[in-house]
Amino acid sequence: MLFWLTELSDGGDFFNLFRYITLRAGGAFMTALLFGFLFGPPLINVLRRTQGKGQPIRDDGPESHFEKAGTPTMGGLLIVGALLTSTLLWARLDNGFVWLVLFVTISYGLIGFADDYAKVAKQSTNGVSGKVRLLLGFLIAAIAAWWGSFLQPDSLQMQLALPVFKDTLLNLGIFYIPFAMFVIVGSANAVNLTDGLDGLAIMPVMIAAGTLGVIAYAVGRVDFTEYLDVHYVPGTGEILIFVAGLIGGGLGFLWYNAPPAAVFMGDTGSLALGGALGAIAVATKHELVLGIVGGLFVLEALSVIIQVLYFKRTGKRVFLMAPIHHHYEKKGWAEPQIVIRFWIISLILAMIGLATLKVR
């Protein structure tokens, strides 16, 4: 919205500053951060009063989690509210990629909100049916996949770009749509599975988003794409504004989610943020790179898949408990130890993901 102030500029005054993505990204970050600090306490108080007993704790979960009974959920409202406000304020609202990412984020956030509300209302760990969640998730992802393809240059539509190899494109044709759908749905659910300890999900999300934000800015500039050997996707630079808002809102939320958490993000936050990562990856043609920078989420999801399949076949477990962060809890690792080590893994993977940008 503030970008429209450039209409008042003669090319060399204060209003001209709003043309710069980097300045507006900084503004989005600070707006979202202040939003989190300002609205965090009243939101937590409202959630605590309305939810009563807070988020239900799984009976079969780690014993230490029973100490968290009564902690309110739906804290993802704080993150989504912060990034939505900052994006609408600082991003160019005539940019299709901005609306694409916002559409996926808000839509998945609504699915998560319905699931959280059902759990709290029934005081049960069973919320919205898994089949309904997946159906709605794939429907939203299908719209986003088609939308993203039409926003991209003709030469990239329905193409899968490979990391490192700029000149290599795999023409998936119509099969690109289900592939992109899988990326978005898989990302949303993988982040959802990771959100099991205080502060565990939000920091890796911010790290992955920051990495994808840098990539979005790079692939949106033709001079950068020529130097970095990546495909040029005009317009994606504005996604950096959204990412800055996500990081600012995420830090504001982490202030209250740090152990011991005063609020959980719930599915409202985890599905929204995971969907956002998937949408950014699809928009920038870096779907495979998301598998690297979001490798922690992939590991968490794989641990659940492996556990379920192996148990059904043999009646035995590979892990003491899935997702894998619970496995280490069962082994006696302290919660902060798990969280910080997983953050370190996320940082390492982010560096590897960024390394795919430069191959000369």
# chains A, B, ... in the order shown; residues from 1 in each chain; ligands from 1
call {"tool": "select_by_dssp", "arguments": {"residues": "segment 181-321 of chain A", "states": "helix (DSSP H, G or I)", "output": "JSON, numbers by chain"}}
result
{"A": [181, 182, 183, 184, 185, 186, 187, 188, 189, 190, 191, 192, 193, 194, 202, 203, 204, 205, 206, 207, 208, 209, 210, 211, 212, 213, 214, 215, 216, 217, 218, 219, 222, 223, 224, 225, 226, 227, 228, 236, 237, 238, 239, 240, 241, 242, 243, 244, 245, 246, 247, 248, 249, 250, 251, 252, 253, 254, 255, 256, 257, 266, 267, 268, 269, 270, 271, 272, 273, 274, 275, 276, 277, 278, 279, 280, 281, 282, 283, 287, 288, 289, 290, 291, 292, 293, 295, 296, 297, 298, 299, 300, 301, 302, 303, 304, 305, 306, 307, 308, 309, 310, 311, 312, 313, 314]}
call {"tool": "residues_around", "arguments": {"residues": "Gly220 of chain A", "least_positions_apart": "5", "cutoff": "9 Å", "atoms": "only C-alpha atoms", "output": "compact mmCIF listing (two decimals) with C-alpha atoms, in the first residue's frame"}}
result
# COMPACT_ATOMS: atom_id res chain seq x y z
CA ILE A 215 15.99 -16.67 -3.60
CA THR A 225 19.76 -14.48 -12.35
CA HIS A 231 15.86 -18.88 -13.97
CA TYR A 232 14.39 -15.38 -14.16
CA VAL A 233 10.85 -15.10 -12.80
CA PRO A 234 9.86 -11.42 -12.98
CA GLY A 235 7.86 -10.12 -10.04
CA THR A 236 8.96 -12.58 -7.38
CA GLY A 237 11.11 -9.97 -5.63
CA GLU A 238 7.99 -8.67 -3.86
CA THR A 284 10.05 -19.11 -7.62
call {"tool": "residues_around", "arguments": {"residues": "segment 143-154 of chain A", "least_positions_apart": "5", "cutoff": "6 Å", "atoms": "only C-alpha atoms", "output": "number ranges by chain"}}
result
A: 177, 180, 283
call {"tool": "write_last_selection", "arguments": {"atoms": "C-alpha atoms", "output": "PDB file, in the first residue's frame"}}
result
ATOM      1  CA  ILE A 177       0.116 -29.360 -11.362  1.00  0.00           C
ATOM      2  CA  ALA A 180       3.186 -28.536  -7.265  1.00  0.00           C
ATOM      3  CA  ALA A 283       6.256 -19.368  -7.323  1.00  0.00           C
TER       4      ALA A 283
END
call {"tool": "closest_residue", "arguments": {"among": "A:Leu271, A:Leu47, A:Ile344, A:Val243", "to": "Gly186 of chain A", "atoms": "only C-alpha atoms"}}
result
A:Leu271
call {"tool": "select_by_dssp", "arguments": {"residues": "segment 138-345 of chain A", "states": "strand (DSSP E or B)", "output": "number ranges by chain"}}
result
A: 159-161, 169-171
call {"tool": "closest_residue", "arguments": {"among": "A:Ala91, A:Leu169, A:Leu2, A:Ile207", "to": "Leu347 of chain A", "atoms": "only C-alpha atoms"}}
result
A:Ile207
